[in-house]
file data_22.txt (compact mmCIF, C-alpha atoms)
# COMPACT_ATOMS: atom_id res chain seq x y z
CA MET A 1 14.36 3.52 -7.87
CA ALA A 2 11.38 1.21 -7.82
CA THR A 3 10.29 0.16 -4.36
CA LYS A 4 8.13 -2.63 -3.02
CA THR A 5 4.68 -1.30 -2.36
CA ALA A 6 1.96 -2.16 0.12
CA ILE A 7 -0.69 -1.17 -2.43
CA GLN A 8 -2.65 -4.41 -2.48
CA TRP A 9 -3.92 -4.30 -6.05
CA THR A 10 -0.37 -4.40 -7.46
CA HIS A 11 0.13 -7.87 -6.02
CA LEU A 12 -1.43 -9.80 -8.86
CA PRO A 13 -0.99 -13.59 -8.82
CA GLY A 14 2.52 -14.45 -9.95
CA TYR A 15 3.84 -10.88 -9.69
CA GLU A 16 5.70 -8.86 -7.10
CA GLY A 17 4.14 -5.42 -6.61
CA LYS A 18 6.32 -2.32 -6.94
CA SER A 19 5.93 1.38 -7.56
CA TRP A 20 8.04 2.80 -10.42
CA ASN A 21 8.71 6.53 -10.75
CA PRO A 22 10.84 7.27 -13.83
CA ILE A 23 9.57 10.86 -14.03
CA GLY A 24 10.74 13.18 -11.28
CA ALA A 25 11.29 16.86 -10.64
CA ARG A 26 14.07 18.94 -9.13
CA ASP A 27 13.75 22.24 -7.32
CA LYS A 28 15.47 24.66 -9.70
CA GLU A 29 17.16 26.52 -6.85
CA THR A 30 18.26 23.72 -4.53
CA ARG A 31 18.53 20.97 -7.16
CA GLN A 32 16.87 18.69 -4.61
CA PRO A 33 15.28 15.72 -6.40
CA GLY A 34 11.71 14.69 -5.81
CA TRP A 35 8.49 14.80 -7.78
CA PHE A 36 5.85 17.24 -8.92
CA CYS A 37 2.24 17.31 -10.05
CA VAL A 38 -0.70 19.71 -10.21
CA LYS A 39 -3.95 18.82 -8.49
CA VAL A 40 -6.72 18.69 -11.08
CA ALA A 41 -9.59 16.70 -9.50
CA SER A 42 -11.59 16.47 -6.29
CA GLY A 43 -9.81 13.23 -5.42
CA CYS A 44 -6.50 15.13 -5.24
CA ALA A 45 -7.40 17.13 -2.13
CA SER A 46 -5.50 14.93 0.34
CA CYS A 47 -2.90 13.55 -2.07
CA TYR A 48 -0.47 11.25 -0.24
CA ALA A 49 2.24 11.87 -2.83
CA ALA A 50 2.07 15.65 -2.36
CA ASP A 51 2.44 15.24 1.40
CA MET A 52 5.37 12.84 1.04
CA ASN A 53 7.13 15.07 -1.48
CA LYS A 54 6.80 18.19 0.68
CA HIS A 55 7.38 16.82 4.16
CA ARG A 56 9.23 13.52 3.97
CA PHE A 57 11.69 12.68 1.20
CA GLY A 58 10.99 14.83 -1.86
CA ASN A 59 12.03 18.25 -3.10
CA GLY A 60 9.82 20.14 -0.62
CA LEU A 61 7.58 21.70 -3.27
CA ASP A 62 3.80 21.91 -3.08
CA TYR A 63 1.81 20.32 -5.91
CA VAL A 64 0.43 23.67 -7.10
CA ARG A 65 0.63 25.31 -10.50
CA GLY A 66 2.65 28.28 -9.27
CA ASN A 67 5.71 26.11 -8.71
CA VAL A 68 7.83 25.43 -11.78
CA PRO A 69 10.41 22.70 -11.06
CA LYS A 70 12.60 20.97 -13.62
CA VAL A 71 10.65 17.89 -14.66
CA GLU A 72 12.93 15.16 -16.00
CA LEU A 73 13.48 11.46 -16.54
CA TYR A 74 15.46 9.80 -13.76
CA LEU A 75 17.58 7.39 -15.81
CA LYS A 76 18.45 5.09 -12.91
CA ASP A 77 14.75 4.70 -12.20
CA LEU A 78 13.90 4.40 -15.89
CA GLU A 79 16.10 1.31 -16.31
CA GLU A 80 14.71 -0.47 -13.21
CA PRO A 81 12.48 -2.94 -15.13
CA PHE A 82 15.57 -4.12 -17.06
CA LYS A 83 17.24 -5.14 -13.80
CA GLN A 84 14.29 -7.11 -12.49
CA LYS A 85 14.07 -10.65 -13.86
CA LYS A 86 11.28 -11.75 -11.52
CA PRO A 87 7.83 -10.93 -12.97
CA THR A 88 6.84 -7.63 -11.40
CA CYS A 89 3.67 -5.54 -11.47
CA TYR A 90 4.69 -1.88 -11.63
CA PHE A 91 2.42 0.97 -10.58
CA THR A 92 3.83 3.57 -12.98
CA ASN A 93 4.51 7.06 -11.60
CA SER A 94 2.80 6.49 -8.28
CA MET A 95 4.17 9.83 -7.01
CA THR A 96 2.86 11.99 -9.85
CA ASP A 97 0.82 11.74 -13.07
CA LEU A 98 2.37 10.01 -16.06
CA PHE A 99 0.45 12.23 -18.46
CA GLY A 100 1.19 15.56 -16.81
CA LEU A 101 1.83 17.35 -20.09
CA ASP A 102 0.48 20.51 -18.42
CA PHE A 103 3.34 20.69 -15.91
CA GLY A 104 6.41 19.54 -17.83
CA VAL A 105 6.05 15.91 -18.91
CA THR A 106 6.88 15.62 -22.62
CA THR A 107 5.91 13.26 -25.40
CA GLU A 108 9.57 12.28 -25.65
CA MET A 109 9.52 11.14 -22.01
CA LEU A 110 6.40 9.08 -22.62
CA ASP A 111 7.97 7.45 -25.68
CA MET A 112 10.97 6.37 -23.59
CA ILE A 113 8.79 4.95 -20.81
CA TYR A 114 6.56 3.00 -23.20
CA ALA A 115 9.70 1.70 -24.94
CA ILE A 116 10.93 0.33 -21.60
CA MET A 117 7.58 -1.40 -21.18
CA ALA A 118 7.79 -2.80 -24.69
CA LEU A 119 11.19 -4.32 -23.93
CA SER A 120 9.96 -5.86 -20.66
CA PRO A 121 7.28 -8.44 -21.55
CA GLN A 122 7.92 -10.36 -18.32
CA HIS A 123 6.48 -7.46 -16.32
CA LEU A 124 3.04 -5.89 -16.02
CA PHE A 125 2.59 -2.10 -16.00
CA LEU A 126 -0.45 -0.36 -14.51
CA ASN A 127 -0.71 3.22 -15.77
CA LEU A 128 -3.18 5.21 -13.68
CA THR A 129 -3.97 8.83 -14.51
CA LYS A 130 -6.36 11.69 -13.85
CA ARG A 131 -5.52 13.06 -17.28
CA SER A 132 -7.30 10.53 -19.48
CA LYS A 133 -7.88 13.02 -22.28
CA GLU A 134 -4.14 13.57 -22.72
CA ARG A 135 -3.46 9.82 -22.67
CA ARG A 136 -6.21 9.19 -25.24
CA ALA A 137 -4.59 11.71 -27.58
CA TYR A 138 -1.12 10.23 -27.08
CA LEU A 139 -2.06 6.57 -27.55
CA ASN A 140 -4.38 7.29 -30.48
CA ASP A 141 -1.72 9.29 -32.30
CA PRO A 142 -0.89 7.14 -35.37
CA GLU A 143 2.80 8.06 -34.98
CA THR A 144 3.11 6.96 -31.33
CA THR A 145 3.59 3.25 -32.05
CA GLN A 146 6.46 3.87 -34.46
CA ARG A 147 8.15 6.35 -32.14
CA VAL A 148 8.01 3.84 -29.28
CA ARG A 149 9.41 1.09 -31.52
CA ASP A 150 12.22 3.41 -32.61
CA ARG A 151 13.13 4.29 -29.00
CA ALA A 152 13.10 0.60 -28.04
CA GLU A 153 15.40 -0.29 -30.94
CA GLU A 154 17.74 2.57 -30.03
CA MET A 155 17.91 1.33 -26.45
CA TRP A 156 18.80 -2.14 -27.65
CA ASN A 157 21.49 -0.79 -30.00
CA GLY A 158 23.19 1.29 -27.29
CA THR A 159 22.10 4.75 -28.40
CA TYR A 160 21.66 5.73 -24.75
CA PRO A 161 24.98 4.84 -23.03
CA ASN A 162 23.68 5.85 -19.60
CA LEU A 163 20.91 3.27 -19.84
CA LYS A 164 21.99 -0.20 -18.78
CA LEU A 165 19.92 -2.53 -20.92
CA VAL A 166 19.62 -5.96 -19.36
CA SER A 167 16.53 -6.94 -21.28
CA THR A 168 16.25 -10.37 -22.86
CA ARG A 169 16.47 -11.25 -26.52
CA ALA A 170 12.87 -12.33 -26.13
CA GLY A 171 12.09 -8.78 -25.10
CA ARG A 172 13.68 -7.40 -28.25
CA ALA A 173 11.92 -9.88 -30.51
CA TRP A 174 8.65 -9.31 -28.69
CA HIS A 175 8.64 -5.53 -29.05
CA ARG A 176 9.37 -5.86 -32.79
CA SER A 177 6.50 -8.22 -33.50
CA ALA A 178 4.00 -7.23 -30.81
CA VAL A 179 0.72 -5.69 -31.79
CA PHE A 180 -0.09 -2.48 -29.98
CA PRO A 181 -1.70 -2.05 -27.53
CA LEU A 182 0.76 -4.26 -25.69
CA LYS A 183 -0.75 -6.95 -23.50
CA ASN A 184 1.56 -6.17 -20.55
CA ILE A 185 0.29 -2.58 -20.26
CA TRP A 186 -3.02 -1.84 -18.54
CA GLU A 187 -4.46 1.65 -18.62
CA GLY A 188 -6.52 3.01 -15.72
CA SER A 189 -8.31 6.21 -14.70
CA SER A 190 -9.11 7.67 -11.30
CA VAL A 191 -12.70 8.49 -10.39
CA ALA A 192 -13.72 9.86 -6.98
CA CYS A 193 -17.24 11.10 -7.71
CA PRO A 194 -19.75 11.35 -10.61
CA LYS A 195 -18.23 14.53 -12.04
CA ASP A 196 -15.04 12.56 -12.76
CA LEU A 197 -16.81 10.08 -15.06
CA HIS A 198 -15.64 11.95 -18.16
CA GLN A 199 -12.30 10.26 -17.45
CA LEU A 200 -13.90 6.93 -18.34
CA ASP A 201 -15.33 8.26 -21.60
CA ASP A 202 -11.75 8.97 -22.69
CA LEU A 203 -10.38 5.75 -21.20
CA LEU A 204 -12.77 3.53 -23.13
CA MET A 205 -11.74 5.23 -26.38
CA THR A 206 -8.06 4.61 -25.61
CA PRO A 207 -6.30 1.52 -27.02
CA ALA A 208 -5.38 -0.80 -24.14
CA SER A 209 -5.21 -4.53 -23.46
CA LYS A 210 -7.02 -3.96 -20.14
CA ARG A 211 -8.80 -0.90 -18.78
CA PHE A 212 -9.50 -0.31 -15.13
CA VAL A 213 -10.88 2.34 -12.81
CA SER A 214 -9.53 3.31 -9.41
CA TYR A 215 -12.55 4.47 -7.45
CA GLU A 216 -10.29 5.79 -4.73
CA PRO A 217 -10.63 7.93 -2.83
CA ALA A 218 -14.34 7.27 -3.17
CA ILE A 219 -16.06 10.41 -1.86
CA GLU A 220 -19.52 10.03 -3.44
CA ALA A 221 -21.66 7.21 -4.80
CA VAL A 222 -20.85 6.43 -8.45
CA ASP A 223 -22.78 4.33 -10.95
CA PHE A 224 -20.28 2.54 -13.19
CA THR A 225 -22.94 0.54 -15.05
CA PRO A 226 -22.76 2.65 -18.27
CA TYR A 227 -19.06 1.78 -18.48
CA LEU A 228 -19.37 -1.97 -18.02
CA GLY A 229 -20.05 -4.70 -20.54
CA TRP A 230 -19.95 -4.66 -24.33
CA ARG A 231 -22.00 -1.95 -26.06
CA TRP A 232 -22.45 -0.37 -29.46
CA VAL A 233 -21.04 3.16 -29.70
CA ASN A 234 -20.54 5.65 -32.50
CA VAL A 235 -17.24 5.19 -34.29
CA ASN A 236 -16.00 8.64 -33.21
CA GLY A 237 -16.80 7.88 -29.59
CA GLN A 238 -19.38 10.66 -29.38
CA GLY A 239 -23.01 10.25 -28.48
CA THR A 240 -24.68 7.92 -26.00
CA PRO A 241 -23.63 4.25 -25.92
CA SER A 242 -26.36 1.68 -26.50
CA VAL A 243 -28.59 1.12 -23.50
CA GLU A 244 -28.41 -2.62 -23.95
CA ALA A 245 -25.12 -4.05 -22.65
CA TYR A 246 -23.70 -7.58 -22.80
CA ALA A 247 -21.24 -9.44 -20.63
CA SER A 248 -19.25 -10.76 -23.61
CA TYR A 249 -18.24 -9.79 -27.13
CA ASP A 250 -19.92 -12.88 -28.58
CA ASP A 251 -23.23 -11.96 -26.94
CA LEU A 252 -23.00 -8.47 -28.42
CA MET A 253 -22.39 -9.87 -31.91
CA LEU A 254 -25.27 -12.31 -31.58
CA SER A 255 -27.55 -9.46 -30.50
CA ALA A 256 -26.93 -7.83 -33.87
CA GLY A 257 -27.38 -11.07 -35.78
CA PHE A 258 -23.73 -11.37 -36.82
CA GLY A 259 -22.64 -14.38 -34.83
CA PRO A 260 -19.23 -14.48 -33.12
CA VAL A 261 -17.29 -12.50 -35.74
CA ARG A 262 -13.69 -11.57 -34.86
CA PRO A 263 -12.34 -9.00 -35.23
CA ILE A 264 -14.98 -6.37 -35.96
CA VAL A 265 -14.28 -2.66 -36.14
CA ALA A 266 -17.40 -0.90 -37.36
CA ILE A 267 -20.84 -1.60 -38.73
CA LYS A 268 -22.85 1.24 -40.24
CA GLY A 269 -21.07 3.92 -38.24
CA VAL A 270 -21.01 2.10 -34.92
CA MET A 271 -18.41 -0.10 -33.29
CA ALA A 272 -18.24 -2.64 -30.52
CA ARG A 273 -16.80 -1.10 -27.37
CA GLU A 274 -15.57 -3.17 -24.46
CA GLY A 275 -16.23 -1.76 -21.01
CA LEU A 276 -13.99 -1.67 -17.97
CA ASN A 277 -12.08 -4.84 -17.12
CA TRP A 278 -11.52 -4.10 -13.44
CA LEU A 279 -12.99 -2.00 -10.61
CA ILE A 280 -10.74 -0.98 -7.71
CA VAL A 281 -12.53 0.56 -4.73
CA GLY A 282 -11.16 2.31 -1.65
CA GLY A 283 -11.92 4.91 0.98
CA GLU A 284 -9.65 7.85 1.67
CA SER A 285 -6.92 7.51 4.27
CA GLY A 286 -5.18 10.08 6.43
CA LYS A 287 -6.14 12.58 9.13
CA LYS A 288 -8.33 14.61 6.77
CA ALA A 289 -10.05 11.61 5.17
CA ARG A 290 -13.53 12.26 3.85
CA PRO A 291 -16.29 9.78 4.77
CA PHE A 292 -16.53 6.49 2.90
CA ASP A 293 -19.94 4.84 2.94
CA GLN A 294 -19.39 1.08 2.85
CA GLU A 295 -22.56 0.78 0.80
CA TRP A 296 -20.60 2.26 -2.10
CA ALA A 297 -18.34 -0.78 -1.97
CA ARG A 298 -21.33 -3.14 -1.95
CA THR A 299 -22.87 -1.35 -4.92
CA SER A 300 -19.61 -1.61 -6.87
CA ILE A 301 -19.43 -5.33 -6.12
CA ASP A 302 -23.00 -5.78 -7.40
CA GLN A 303 -22.26 -3.80 -10.56
CA GLY A 304 -19.18 -5.89 -11.26
CA ASP A 305 -21.07 -9.13 -10.68
CA GLU A 306 -23.75 -8.13 -13.16
CA PHE A 307 -21.22 -7.84 -15.98
CA ASP A 308 -18.64 -10.42 -14.86
CA VAL A 309 -16.12 -7.67 -14.11
CA PRO A 310 -13.67 -8.38 -11.25
CA VAL A 311 -13.82 -6.03 -8.27
CA PHE A 312 -11.01 -5.33 -5.82
CA ILE A 313 -11.96 -3.70 -2.50
CA LYS A 314 -8.71 -2.17 -1.32
CA GLN A 315 -9.63 -0.47 1.94
CA MET A 316 -12.42 1.20 3.89
CA GLY A 317 -10.29 4.25 4.53
CA SER A 318 -9.71 6.19 7.74
CA ASN A 319 -13.28 7.49 7.97
CA PRO A 320 -15.63 4.59 7.14
CA MET A 321 -19.39 4.86 7.62
CA GLU A 322 -22.27 2.39 7.82
CA HIS A 323 -25.86 3.70 7.87
CA ASN A 324 -24.51 7.17 8.78
CA VAL A 325 -22.65 5.75 11.76
CA SER A 326 -18.87 6.14 11.99
CA LEU A 327 -16.87 2.92 12.22
CA LYS A 328 -13.45 2.30 13.70
CA TYR A 329 -11.02 -0.32 12.46
CA VAL A 330 -7.77 -1.31 14.10
CA ASP A 331 -5.99 -0.85 10.79
CA ARG A 332 -5.74 2.94 10.41
CA LYS A 333 -6.44 2.75 6.67
CA GLY A 334 -9.20 0.18 7.03
CA GLY A 335 -7.22 -2.18 4.84
CA ASP A 336 -7.29 -5.33 6.97
CA ILE A 337 -9.76 -7.55 5.15
CA THR A 338 -10.32 -9.69 8.25
CA GLU A 339 -11.98 -6.74 10.01
CA TRP A 340 -14.66 -6.32 7.33
CA SER A 341 -18.02 -7.97 7.11
CA PRO A 342 -17.86 -11.08 4.86
CA GLY A 343 -19.77 -9.49 1.99
CA LEU A 344 -17.09 -6.83 1.56
CA ARG A 345 -14.14 -9.22 1.44
CA VAL A 346 -13.79 -9.12 -2.32
CA ARG A 347 -10.38 -8.95 -3.96
CA GLN A 348 -10.61 -10.18 -7.52
CA PHE A 349 -8.13 -9.76 -10.37
CA PRO A 350 -8.63 -9.74 -14.15
CA GLU A 351 -7.33 -12.61 -16.23
CA ILE A 352 -3.69 -12.08 -17.11
CA ILE A 353 -2.72 -12.83 -20.70
CA ARG A 354 1.00 -13.46 -21.07
call {"tool": "encode", "arguments": {"input": "data_22.txt", "output": "structure tokens"}}
result
Amino acid sequence: MATKTAIQWTHLPGYEGKSWNPIGARDKETRQPGWFCVKVASGCASCYAADMNKHRFGNGLDYVRGNVPKVELYLKDLEEPFKQKKPTCYFTNSMTDLFGLDFGVTTEMLDMIYAIMALSPQHLFLNLTKRSKERRAYLNDPETTQRVRDRAEEMWNGTYPNLKLVSTRAGRAWHRSAVFPLKNIWEGSSVACPKDLHQLDDLLMTPASKRFVSYEPAIEAVDFTPYLGWRWVNVNGQGTPSVEAYASYDDLMLSAGFGPVRPIVAIKGVMAREGLNWLIVGGESGKKARPFDQEWARTSIDQGDEFDVPVFIKQMGSNPMEHNVSLKYVDRKGGDITEWSPGLRVRQFPEIIR
């Protein structure tokens, strides 16, 4: 089921923050339910979900490719957004990766999950992945939108008797008329160091109402500037984006002499690309936490300010540093904002369009 979460960036104004894990995995021998994933990036080294799944309340399996559990949709968890009338911000699949097509997640599962989102316009869904290439392919597939609409209509008509649909009529009408990408779904990518930046290349070529980066755990300095602001890019997404960037779409149009034209898709082989809408920053927590230089947080704040992009500093982590000197906070994750220096106390949210 969905559970209330202490993850600060899910508590957007007007929303209750929860984690939602409709995709799970059972040990094929014991049938014990839990979750599964395969570590694919440097940020995965001290994965909290892997530790919880193995040692606390999961199926006991390591998140390594050699294990082959039965990955499945947990129907009782899948229907959770239907039961919740209060506007809720869901961190989707916080215990695994929503786009884990390499370890058993299927397109059919994704269609069902996006259909639930489409029928739940009162909620906000934050989909964070380390598999941005797979998500880009899924959401750019011209057949995906129709498949999701079909699954949503089937849910409403009772095709799935084990799913208890408590959505509103407004939800049904909304999913039928809504233009994809849906405004209640935000897509995000995880970046821990510069070699992960390819995730953002795929993210910015993925249809989404909002795009965000989780720079957590931050283990090296990262320059997000090339991914901020409005820029001209080649229509196919290849090549280097324009060096000149603008804080708004209108400014970009004016730079090309077009005036504030809306919408615009392509001009002579290039198109207007919007950059990231939100930067989330945090140090690593846990006994094996790698160092987090607080200067990385300051740099991220400066980069966001330059392009009017909101920045959310989540935590300093369990191993914070300042000028190569280790720091100690009372809060073991370094998440108590009152312990930080004033310049780091930045927790901004993007504008929410309902």
call {"tool": "atom_distance", "arguments": {"input": "data_22.txt", "atom1": "CA of Arg147 (chain A)", "atom2": "CA of Asp111 (chain A)"}}
result
6.6 Å
call {"tool": "closest_residue", "arguments": {"input": "data_22.txt", "among": "A:Gly229, A:Pro320, A:Pro22, A:Pro310", "to": "Glu295 (chain A)", "atoms": "only C-alpha atoms"}}
result
A:Pro320
call {"tool": "atom_distance", "arguments": {"input": "data_22.txt", "atom1": "CA of Asn59 (chain A)", "atom2": "CA of Gly104 (chain A)"}}
result
15.8 Å
call {"tool": "closest_residue", "arguments": {"input": "data_22.txt", "among": "A:Lys85, A:Arg347, A:Arg290, A:Lys130", "to": "Phe312 (chain A)", "atoms": "all atoms listed in the file"}}
result
A:Arg347
call {"tool": "atom_distance", "arguments": {"input": "data_22.txt", "atom1": "CA of Val105 (chain A)", "atom2": "CA of Thr30 (chain A)"}}
result
20.4 Å
call {"tool": "closest_residue", "arguments": {"input": "data_22.txt", "among": "A:Arg151, A:Lys28, A:His198, A:Lys86", "to": "Lys133 (chain A)", "atoms": "only C-alpha atoms"}}
result
A:His198
call {"tool": "closest_residue", "arguments": {"input": "data_22.txt", "among": "A:Glu134, A:Asp62, A:Glu29, A:Asp201", "to": "Pro241 (chain A)", "atoms": "all atoms listed in the file"}}
result
A:Asp201
call {"tool": "closest_residue", "arguments": {"input": "data_22.txt", "among": "A:Pro342, A:Gly334, A:Pro69, A:Pro87", "to": "His11 (chain A)", "atoms": "all atoms listed in the file"}}
result
A:Pro87
call {"tool": "closest_residue", "arguments": {"input": "data_22.txt", "among": "A:Val40, A:Ala218, A:Leu75, A:Leu252", "to": "Gly100 (chain A)", "atoms": "only C-alpha atoms"}}
result
A:Val40
